[in-house]
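A.B. asks: To be precise about what I am sending: the file is called query.txt and holds compact mmCIF, C-alpha atoms.
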```
# COMPACT_ATOMS: atom_id res chain seq x y z
CA MET A 15 102.53 95.73 97.15
CA LYS A 16 103.43 99.41 96.99
CA THR A 17 103.30 100.75 93.46
CA ARG A 18 105.96 102.95 91.91
CA SER A 19 105.58 106.54 90.83
CA SER A 20 103.84 107.15 87.51
CA LYS A 21 106.96 109.00 86.37
CA GLY A 22 109.22 107.21 83.94
CA PRO A 23 108.96 105.57 80.51
CA ILE A 24 105.83 103.62 79.66
CA ILE A 25 106.20 99.85 79.91
CA THR A 26 104.28 98.01 77.21
CA ILE A 27 102.95 94.56 78.08
CA ILE A 28 102.38 92.58 74.90
CA GLY A 29 100.08 89.57 74.71
CA CYS A 30 101.80 87.17 72.32
CA GLY A 31 98.95 84.74 71.75
CA PRO A 32 98.88 80.96 72.18
CA GLY A 33 102.20 80.24 70.47
CA ALA A 34 102.20 80.43 66.67
CA PRO A 35 103.57 83.64 65.11
CA GLU A 36 100.50 84.05 62.89
CA TYR A 37 98.44 84.56 66.05
CA LEU A 38 100.36 87.74 66.90
CA THR A 39 98.23 90.82 66.32
CA PRO A 40 99.55 93.69 64.16
CA ALA A 41 99.42 95.89 67.28
CA ALA A 42 101.67 93.42 69.11
CA VAL A 43 104.19 93.36 66.28
CA GLN A 44 104.26 97.15 66.02
CA ALA A 45 104.72 97.60 69.78
CA ALA A 46 107.62 95.14 69.79
CA GLN A 47 109.28 96.97 66.90
CA GLU A 48 108.99 100.34 68.66
CA ALA A 49 110.48 99.27 72.01
CA ASP A 50 114.14 99.77 72.86
CA VAL A 51 114.23 96.55 74.86
CA LEU A 52 112.24 93.31 74.63
CA VAL A 53 111.87 91.25 77.81
CA GLY A 54 110.41 87.75 77.90
CA ALA A 55 110.87 84.01 77.73
CA GLN A 56 113.11 82.81 74.92
CA ARG A 57 110.24 81.22 72.99
CA LEU A 58 108.43 84.57 73.01
CA LEU A 59 111.51 86.53 71.94
CA ASP A 60 111.84 84.04 69.05
CA LEU A 61 108.49 85.28 67.71
CA PHE A 62 110.28 88.49 66.68
CA PRO A 63 113.38 87.19 64.86
CA ASN A 64 113.95 90.27 62.70
CA ARG A 65 113.49 92.88 65.37
CA PRO A 66 116.74 94.73 66.16
CA GLY A 67 117.68 95.96 69.60
CA LYS A 68 118.34 94.59 73.05
CA ARG A 69 116.68 91.42 74.36
CA LEU A 70 116.47 90.21 77.94
CA VAL A 71 115.63 86.57 78.50
CA VAL A 72 113.36 85.90 81.47
CA GLN A 73 114.29 82.69 83.23
CA GLY A 74 114.32 81.39 86.76
CA ASN A 75 112.61 83.51 89.41
CA VAL A 76 110.08 85.74 87.61
CA LYS A 77 109.82 87.92 90.73
CA ASN A 78 113.08 89.49 89.57
CA LEU A 79 111.40 90.74 86.37
CA PRO A 80 110.42 94.23 87.65
CA ALA A 81 113.99 94.85 88.84
CA ALA A 82 115.33 93.81 85.43
CA ILE A 83 112.95 96.29 83.75
CA GLU A 84 113.93 99.05 86.18
CA ALA A 85 117.59 98.47 85.37
CA GLU A 86 116.92 99.59 81.78
CA GLY A 87 116.51 103.16 83.02
CA LYS A 88 114.98 105.51 80.48
CA CYS A 89 114.76 102.91 77.72
CA THR A 90 111.29 101.95 76.54
CA VAL A 91 110.64 98.33 77.48
CA ALA A 92 108.15 95.84 76.06
CA ALA A 93 107.42 92.81 78.23
CA LEU A 94 106.25 89.76 76.31
CA VAL A 95 103.67 87.51 77.97
CA THR A 96 101.91 84.40 76.71
CA GLY A 97 98.30 84.44 75.58
CA ASP A 98 96.35 87.44 76.77
CA PRO A 99 97.85 89.67 79.52
CA GLY A 100 94.55 89.70 81.41
CA LEU A 101 94.46 85.96 82.08
CA TYR A 102 96.86 84.50 84.68
CA SER A 103 99.75 86.52 83.29
CA LEU A 104 102.99 88.14 84.39
CA ALA A 105 101.25 91.39 83.53
CA SER A 106 99.76 91.53 87.04
CA LEU A 107 103.26 91.40 88.56
CA ILE A 108 104.50 94.23 86.35
CA ILE A 109 101.44 96.43 86.88
CA ALA A 110 101.52 95.91 90.66
CA HIS A 111 105.15 97.04 90.76
CA PHE A 112 105.10 100.04 88.39
CA GLY A 113 101.48 101.18 88.63
CA ARG A 114 98.79 101.23 85.96
CA GLN A 115 99.70 104.72 84.74
CA ARG A 116 103.10 103.51 83.58
CA CYS A 117 101.81 100.38 81.85
CA ARG A 118 100.23 100.00 78.43
CA VAL A 119 98.64 96.62 77.70
CA ILE A 120 98.34 95.11 74.22
CA PRO A 121 95.76 92.28 74.38
CA GLY A 122 96.38 88.97 72.68
CA VAL A 123 94.60 85.75 71.75
CA SER A 124 94.41 83.59 74.87
CA SER A 125 95.03 79.85 74.98
CA VAL A 126 91.49 79.56 76.34
CA GLN A 127 90.08 81.05 73.14
CA ALA A 128 92.29 78.78 71.06
CA ALA A 129 91.27 75.69 73.04
CA PHE A 130 87.53 76.26 72.72
CA ALA A 131 87.96 77.03 69.03
CA ALA A 132 89.86 73.75 68.60
CA ILE A 133 87.02 71.71 70.11
CA GLY A 134 84.24 73.71 68.45
CA HIS A 135 82.51 74.85 71.64
CA SER A 136 81.59 78.28 72.98
CA TRP A 137 83.56 79.41 76.00
CA ALA A 138 80.76 81.66 77.24
CA GLY A 139 80.07 80.86 80.86
CA ALA A 140 83.20 78.77 81.35
CA THR A 141 85.00 78.77 84.67
CA ILE A 142 88.73 79.27 84.06
CA ILE A 143 91.14 77.74 86.56
CA SER A 144 94.92 77.86 86.67
CA ALA A 145 96.98 74.84 87.70
CA HIS A 146 100.34 76.40 86.84
CA LYS A 147 101.76 76.66 90.34
CA GLU A 148 99.59 74.38 92.44
CA ASP A 149 96.58 72.09 92.30
CA PRO A 150 93.24 73.90 91.97
CA PRO A 151 91.01 74.18 95.04
CA LYS A 152 89.08 70.96 95.60
CA ASP A 153 85.73 72.73 95.62
CA CYS A 154 86.23 74.44 92.25
CA PHE A 155 83.76 72.11 90.49
CA GLU A 156 80.85 72.48 92.92
CA THR A 157 78.79 74.79 90.74
CA CYS A 158 80.64 74.49 87.39
CA ASP A 159 79.36 72.64 84.34
CA LYS A 160 81.95 74.04 81.90
CA VAL A 161 85.52 74.21 83.18
CA CYS A 162 88.76 75.20 81.48
CA ILE A 163 91.95 74.30 83.35
CA LEU A 164 95.29 75.80 82.37
CA GLY A 165 97.84 73.02 82.81
CA GLY A 166 101.28 73.20 84.31
CA ARG A 167 101.44 70.37 86.84
CA ALA A 168 102.42 66.84 85.84
CA ASN A 169 99.94 65.23 88.23
CA LEU A 170 96.91 67.22 87.06
CA GLY A 171 95.24 64.22 85.41
CA ALA A 172 95.50 62.15 88.57
CA TRP A 173 94.26 65.08 90.64
CA LEU A 174 91.21 65.46 88.40
CA HIS A 175 90.45 61.74 88.63
CA GLU A 176 90.48 62.00 92.40
CA ASN A 177 88.56 65.27 92.77
CA LEU A 178 86.12 65.48 89.86
CA PRO A 179 82.60 65.16 91.32
CA THR A 180 80.50 62.17 90.29
CA ARG A 181 78.13 64.33 88.24
CA LEU A 182 81.02 65.17 85.88
CA HIS A 183 82.32 61.61 85.39
CA ASP A 184 80.26 61.30 82.20
CA ALA A 185 81.09 64.80 80.96
CA ALA A 186 83.07 65.37 77.77
CA ILE A 187 86.77 65.83 78.56
CA TYR A 188 89.13 67.47 76.10
CA VAL A 189 92.91 67.60 76.46
CA CYS A 190 94.36 70.26 74.13
CA GLU A 191 98.12 70.26 73.60
CA ASN A 192 100.45 72.74 71.87
CA LEU A 193 97.61 74.83 70.51
CA THR A 194 98.25 76.61 67.16
CA LEU A 195 101.65 74.92 66.85
CA PRO A 196 102.56 72.27 64.22
CA ASP A 197 102.21 69.46 66.80
CA GLU A 198 98.80 70.60 68.07
CA ALA A 199 96.70 67.69 69.31
CA VAL A 200 93.29 67.31 70.92
CA HIS A 201 92.40 64.11 72.80
CA GLN A 202 89.18 63.05 74.51
CA PRO A 203 90.04 60.73 77.38
CA LEU A 204 87.37 59.12 79.49
CA TYR A 205 87.17 59.83 83.19
CA GLU A 206 88.83 56.46 83.86
CA ASP A 207 91.81 57.50 81.70
CA LEU A 208 92.58 60.74 83.56
CA PRO A 209 95.40 59.36 85.77
CA ALA A 210 97.48 58.77 82.63
CA VAL A 211 96.99 62.33 81.32
CA LYS A 212 100.15 64.41 81.65
CA SER A 213 100.06 68.17 81.88
CA ASP A 214 102.56 70.93 81.25
CA GLY A 215 102.38 74.63 80.53
CA ARG A 216 101.05 74.04 77.01
CA VAL A 217 98.14 71.79 77.98
CA ILE A 218 94.55 72.95 78.42
CA ILE A 219 91.93 70.59 79.85
CA ILE A 220 88.27 71.38 79.21
CA ILE A 221 85.35 69.60 80.88
CA ILE A 222 81.81 70.19 79.57
CA ALA A 223 78.91 68.55 81.38
CA ALA A 224 76.40 69.18 78.57
CA ALA A 225 78.55 67.54 75.89
CA ARG A 226 78.44 63.81 75.20
CA ARG A 227 81.17 61.65 76.67
CA THR A 228 83.44 60.27 73.93
CA HIS A 229 86.96 58.94 73.66
CA THR A 230 89.84 59.49 71.25
CA SER A 231 93.39 58.29 71.67
```
Output the file's structure as structure tokens, nothing else.

C.D. replies:
Amino acid sequence: MKTRSSKGPIITIIGCGPGAPEYLTPAAVQAAQEADVLVGAQRLLDLFPNRPGKRLVVQGNVKNLPAAIEAEGKCTVAALVTGDPGLYSLASLIIAHFGRQRCRVIPGVSSVQAAFAAIGHSWAGATIISAHKEDPPKDCFETCDKVCILGGRANLGAWLHENLPTRLHDAAIYVCENLTLPDEAVHQPLYEDLPAVKSDGRVIIIIIAAARRTHTS
């Protein structure tokens, strides 16, 4: 994609963390307060209830987001993204359109960090896979012994049951839901239970070969 000229107001991309307001960094809060316009999903805009100024709700086709930002002209715009902007984020769409020189990125706590913290395991060496838009590639587990899958597809559990290699059938499986939010939950289904596991955009599934297979409801 052809990038835009570096001329024009800086667009700040703010990582808003895994969901709870207390996981917002001070830098994120300050950047949101300084912007003329906040752009993002409604649940992200709700993280800044006392911030005055214009708000644009992102919904529907996210490919229209750069055009919506451009329409703000000389106003300073802050785009709110979930988790950390560097991990399967709308930040890549914005940067590709406007160019890196016009974009400032405020990092945030990723859902991957929150998930591994919730289960008490290190995420060093983990392979991170997104299942937001489509099923992962079937060969993604060939050389992986620690996998973190970002949910988003209702059939992800059934897909894992069908495609998880035999060597990982006895691995520890963790299903992390609504991380950092009041209804946070972590379950440990067995491999046999995977078809019943439902996945949406707030579900992280972690598979660790070295951990002991257990089960919690």

A.B. asks: Give me, as a tab-separated table, the closest atom pair and its distance (Å, one decimal) for every residue of region 24-108 of chain A within a cut-off of 8 Å of region 120-123 of chain A, counting only C-alpha atoms, rows sorted by chain and rising number.

C.D. replies:
```
residue	atom	partner	partner_atom	distance
A:Thr26	CA	A:Ile120	CA	7.3
A:Ile27	CA	A:Ile120	CA	6.0
A:Ile28	CA	A:Ile120	CA	4.8
A:Gly29	CA	A:Gly122	CA	4.3
A:Cys30	CA	A:Gly122	CA	5.7
A:Gly31	CA	A:Val123	CA	4.5
A:Pro32	CA	A:Val123	CA	6.4
A:Tyr37	CA	A:Val123	CA	7.0
A:Leu38	CA	A:Gly122	CA	7.1
A:Thr39	CA	A:Gly122	CA	6.9
A:Ala41	CA	A:Ile120	CA	7.1
A:Ala42	CA	A:Ile120	CA	6.3
A:Gly97	CA	A:Val123	CA	5.5
A:Asp98	CA	A:Gly122	CA	4.4
A:Pro99	CA	A:Pro121	CA	6.1
A:Gly100	CA	A:Pro121	CA	7.6
```

A.B. asks: Write the selection just made, keeping C-alpha atoms, as an mmCIF file, in the coordinates of the input?

C.D. replies:
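So the final result, stored in again_31.cif, reads:
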```cif
data_model
loop_
_atom_site.group_PDB
_atom_site.id
_atom_site.type_symbol
_atom_site.label_atom_id
_atom_site.label_comp_id
_atom_site.auth_asym_id
_atom_site.auth_seq_id
_atom_site.Cartn_x
_atom_site.Cartn_y
_atom_site.Cartn_z
ATOM 1 C CA THR A 26 104.280 98.010 77.210
ATOM 2 C CA ILE A 27 102.950 94.560 78.080
ATOM 3 C CA ILE A 28 102.380 92.580 74.900
ATOM 4 C CA GLY A 29 100.080 89.570 74.710
ATOM 5 C CA CYS A 30 101.800 87.170 72.320
ATOM 6 C CA GLY A 31 98.950 84.740 71.750
ATOM 7 C CA PRO A 32 98.880 80.960 72.180
ATOM 8 C CA TYR A 37 98.440 84.560 66.050
ATOM 9 C CA LEU A 38 100.360 87.740 66.900
ATOM 10 C CA THR A 39 98.230 90.820 66.320
ATOM 11 C CA ALA A 41 99.420 95.890 67.280
ATOM 12 C CA ALA A 42 101.670 93.420 69.110
ATOM 13 C CA GLY A 97 98.300 84.440 75.580
ATOM 14 C CA ASP A 98 96.350 87.440 76.770
ATOM 15 C CA PRO A 99 97.850 89.670 79.520
ATOM 16 C CA GLY A 100 94.550 89.700 81.410
#
```

A.B. asks: Please provide the set of residues having any atom within 9 Å of Ala185 (chain A), restricted to only C-alpha atoms, with same-chain residues fewer than 5 positions apart removed, written as an mmCIF file with C-alpha atoms, keeping the file's coordinate frame.

C.D. replies:
```
data_model
loop_
_atom_site.group_PDB
_atom_site.id
_atom_site.type_symbol
_atom_site.label_atom_id
_atom_site.label_comp_id
_atom_site.auth_asym_id
_atom_site.auth_seq_id
_atom_site.Cartn_x
_atom_site.Cartn_y
_atom_site.Cartn_z
ATOM 1 C CA ASP A 159 79.360 72.640 84.340
ATOM 2 C CA LEU A 204 87.370 59.120 79.490
ATOM 3 C CA TYR A 205 87.170 59.830 83.190
ATOM 4 C CA ILE A 221 85.350 69.600 80.880
ATOM 5 C CA ILE A 222 81.810 70.190 79.570
ATOM 6 C CA ALA A 223 78.910 68.550 81.380
ATOM 7 C CA ALA A 224 76.400 69.180 78.570
ATOM 8 C CA ALA A 225 78.550 67.540 75.890
ATOM 9 C CA ARG A 226 78.440 63.810 75.200
ATOM 10 C CA ARG A 227 81.170 61.650 76.670
ATOM 11 C CA THR A 228 83.440 60.270 73.930
#
```

A.B. asks: What is the distance between CA of Gln73 (chain A) and CA of Lys147 (chain A), in Å to one decimal?

C.D. replies: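 Spanning CA of Gln73 (chain A) to CA of Lys147 (chain A) is a straight-line distance of 15.6 Å.
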
A.B. asks: What's around region 161-173 of chain A at 8 Å? Count all atoms listed in the file, leave out sequence neighbours fewer than 4 positions away in its own chain, and write the answer as JSON, numbers by chain.

C.D. replies: {"A": [126, 140, 141, 142, 143, 144, 145, 146, 147, 148, 149, 155, 177, 208, 209, 210, 211, 212, 213, 214, 215, 216, 217, 218, 219, 220, 221, 222]}

A.B. asks: Those residues you just picked out, can you put them in a file as a compact mmCIF listing (two decimals), in the coordinates of the input with C-alpha atoms?

C.D. replies:
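Output below, filename selection_10.txt:
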```
# COMPACT_ATOMS: atom_id res chain seq x y z
CA VAL A 126 91.49 79.56 76.34
CA ALA A 140 83.20 78.77 81.35
CA THR A 141 85.00 78.77 84.67
CA ILE A 142 88.73 79.27 84.06
CA ILE A 143 91.14 77.74 86.56
CA SER A 144 94.92 77.86 86.67
CA ALA A 145 96.98 74.84 87.70
CA HIS A 146 100.34 76.40 86.84
CA LYS A 147 101.76 76.66 90.34
CA GLU A 148 99.59 74.38 92.44
CA ASP A 149 96.58 72.09 92.30
CA PHE A 155 83.76 72.11 90.49
CA ASN A 177 88.56 65.27 92.77
CA LEU A 208 92.58 60.74 83.56
CA PRO A 209 95.40 59.36 85.77
CA ALA A 210 97.48 58.77 82.63
CA VAL A 211 96.99 62.33 81.32
CA LYS A 212 100.15 64.41 81.65
CA SER A 213 100.06 68.17 81.88
CA ASP A 214 102.56 70.93 81.25
CA GLY A 215 102.38 74.63 80.53
CA ARG A 216 101.05 74.04 77.01
CA VAL A 217 98.14 71.79 77.98
CA ILE A 218 94.55 72.95 78.42
CA ILE A 219 91.93 70.59 79.85
CA ILE A 220 88.27 71.38 79.21
CA ILE A 221 85.35 69.60 80.88
CA ILE A 222 81.81 70.19 79.57
```

A.B. asks: Separation of CA of Phe62 (chain A) and CA of Ile25 (chain A), in Å?

C.D. replies: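 Calculated distance between CA of Phe62 (chain A) and CA of Ile25 (chain A) is 17.9 Å.
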
A.B. asks: Considering only C-alpha atoms, return as a list in words whatever protein or nucleic-acid residues lie within 10 Å of Ile109 (chain A), sequence-local ones (same chain, fewer than 6 positions apart) excluded.

C.D. replies: Thr17, Arg18, Ile25, Ile27, Pro80, Gln115, Arg116, Cys117, Arg118 and Val119 of chain A

A.B. asks: Write the residues of the selection above to a file with C-alpha atoms, as a PDB file, in the frame of the given file.

C.D. replies:
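result_14.pdb written:
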```
ATOM      1  CA  THR A  17     103.300 100.750  93.460  1.00  0.00           C
ATOM      2  CA  ARG A  18     105.960 102.950  91.910  1.00  0.00           C
ATOM      3  CA  ILE A  25     106.200  99.850  79.910  1.00  0.00           C
ATOM      4  CA  ILE A  27     102.950  94.560  78.080  1.00  0.00           C
ATOM      5  CA  PRO A  80     110.420  94.230  87.650  1.00  0.00           C
ATOM      6  CA  GLN A 115      99.700 104.720  84.740  1.00  0.00           C
ATOM      7  CA  ARG A 116     103.100 103.510  83.580  1.00  0.00           C
ATOM      8  CA  CYS A 117     101.810 100.380  81.850  1.00  0.00           C
ATOM      9  CA  ARG A 118     100.230 100.000  78.430  1.00  0.00           C
ATOM     10  CA  VAL A 119      98.640  96.620  77.700  1.00  0.00           C
TER      11      VAL A 119
END
```

A.B. asks: Looking at A:Leu59, A:Leu107, A:Phe112, A:Leu178, which one is nearest to Ile24 (chain A), with distances taken over all atoms listed in the file?

C.D. replies: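 Closest candidate: A:Phe112.
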
A.B. asks: Please report the interatomic distance between CA of Val51 (chain A) and CA of Gly87 (chain A) in Å with one decimal.

C.D. replies: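 Separation between CA of Val51 (chain A) and CA of Gly87 (chain A): 10.7 Å.
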
A.B. asks: Name the residues in contact with Arg65 (chain A) at a cut-off of 12 Å, using only C-alpha atoms, excluding same-chain residues fewer than 5 positions from it; report them as a list in words.

C.D. replies: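 The contact residues come out as Val43, Gln44, Ala45, Ala46, Gln47, Glu48, Ala49, Asp50, Val51, Leu52, Leu59 and Asp60 of chain A.
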
A.B. asks: Quick one: write out the picked residues with C-alpha atoms as a PDB file, keeping the file's coordinate frame?

C.D. replies:
```
ATOM      1  CA  VAL A  43     104.190  93.360  66.280  1.00  0.00           C
ATOM      2  CA  GLN A  44     104.260  97.150  66.020  1.00  0.00           C
ATOM      3  CA  ALA A  45     104.720  97.600  69.780  1.00  0.00           C
ATOM      4  CA  ALA A  46     107.620  95.140  69.790  1.00  0.00           C
ATOM      5  CA  GLN A  47     109.280  96.970  66.900  1.00  0.00           C
ATOM      6  CA  GLU A  48     108.990 100.340  68.660  1.00  0.00           C
ATOM      7  CA  ALA A  49     110.480  99.270  72.010  1.00  0.00           C
ATOM      8  CA  ASP A  50     114.140  99.770  72.860  1.00  0.00           C
ATOM      9  CA  VAL A  51     114.230  96.550  74.860  1.00  0.00           C
ATOM     10  CA  LEU A  52     112.240  93.310  74.630  1.00  0.00           C
ATOM     11  CA  LEU A  59     111.510  86.530  71.940  1.00  0.00           C
ATOM     12  CA  ASP A  60     111.840  84.040  69.050  1.00  0.00           C
TER      13      ASP A  60
END
```

A.B. asks: Under the rule that only C-alpha atoms are counted, which of A:Thr194, A:Leu79, A:Leu61, A:Gln202 is the nearest residue to Ala110 (chain A)?

C.D. replies: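 Smallest separation from Ala110 (chain A) among the options: A:Leu79.
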
A.B. asks: Can you work out which one of A:Cys158, A:Leu104, A:Val189, A:Val91 has the shortest atom-to-atom distance to Gly139 (chain A), counting only C-alpha atoms?

C.D. replies: A:Cys158
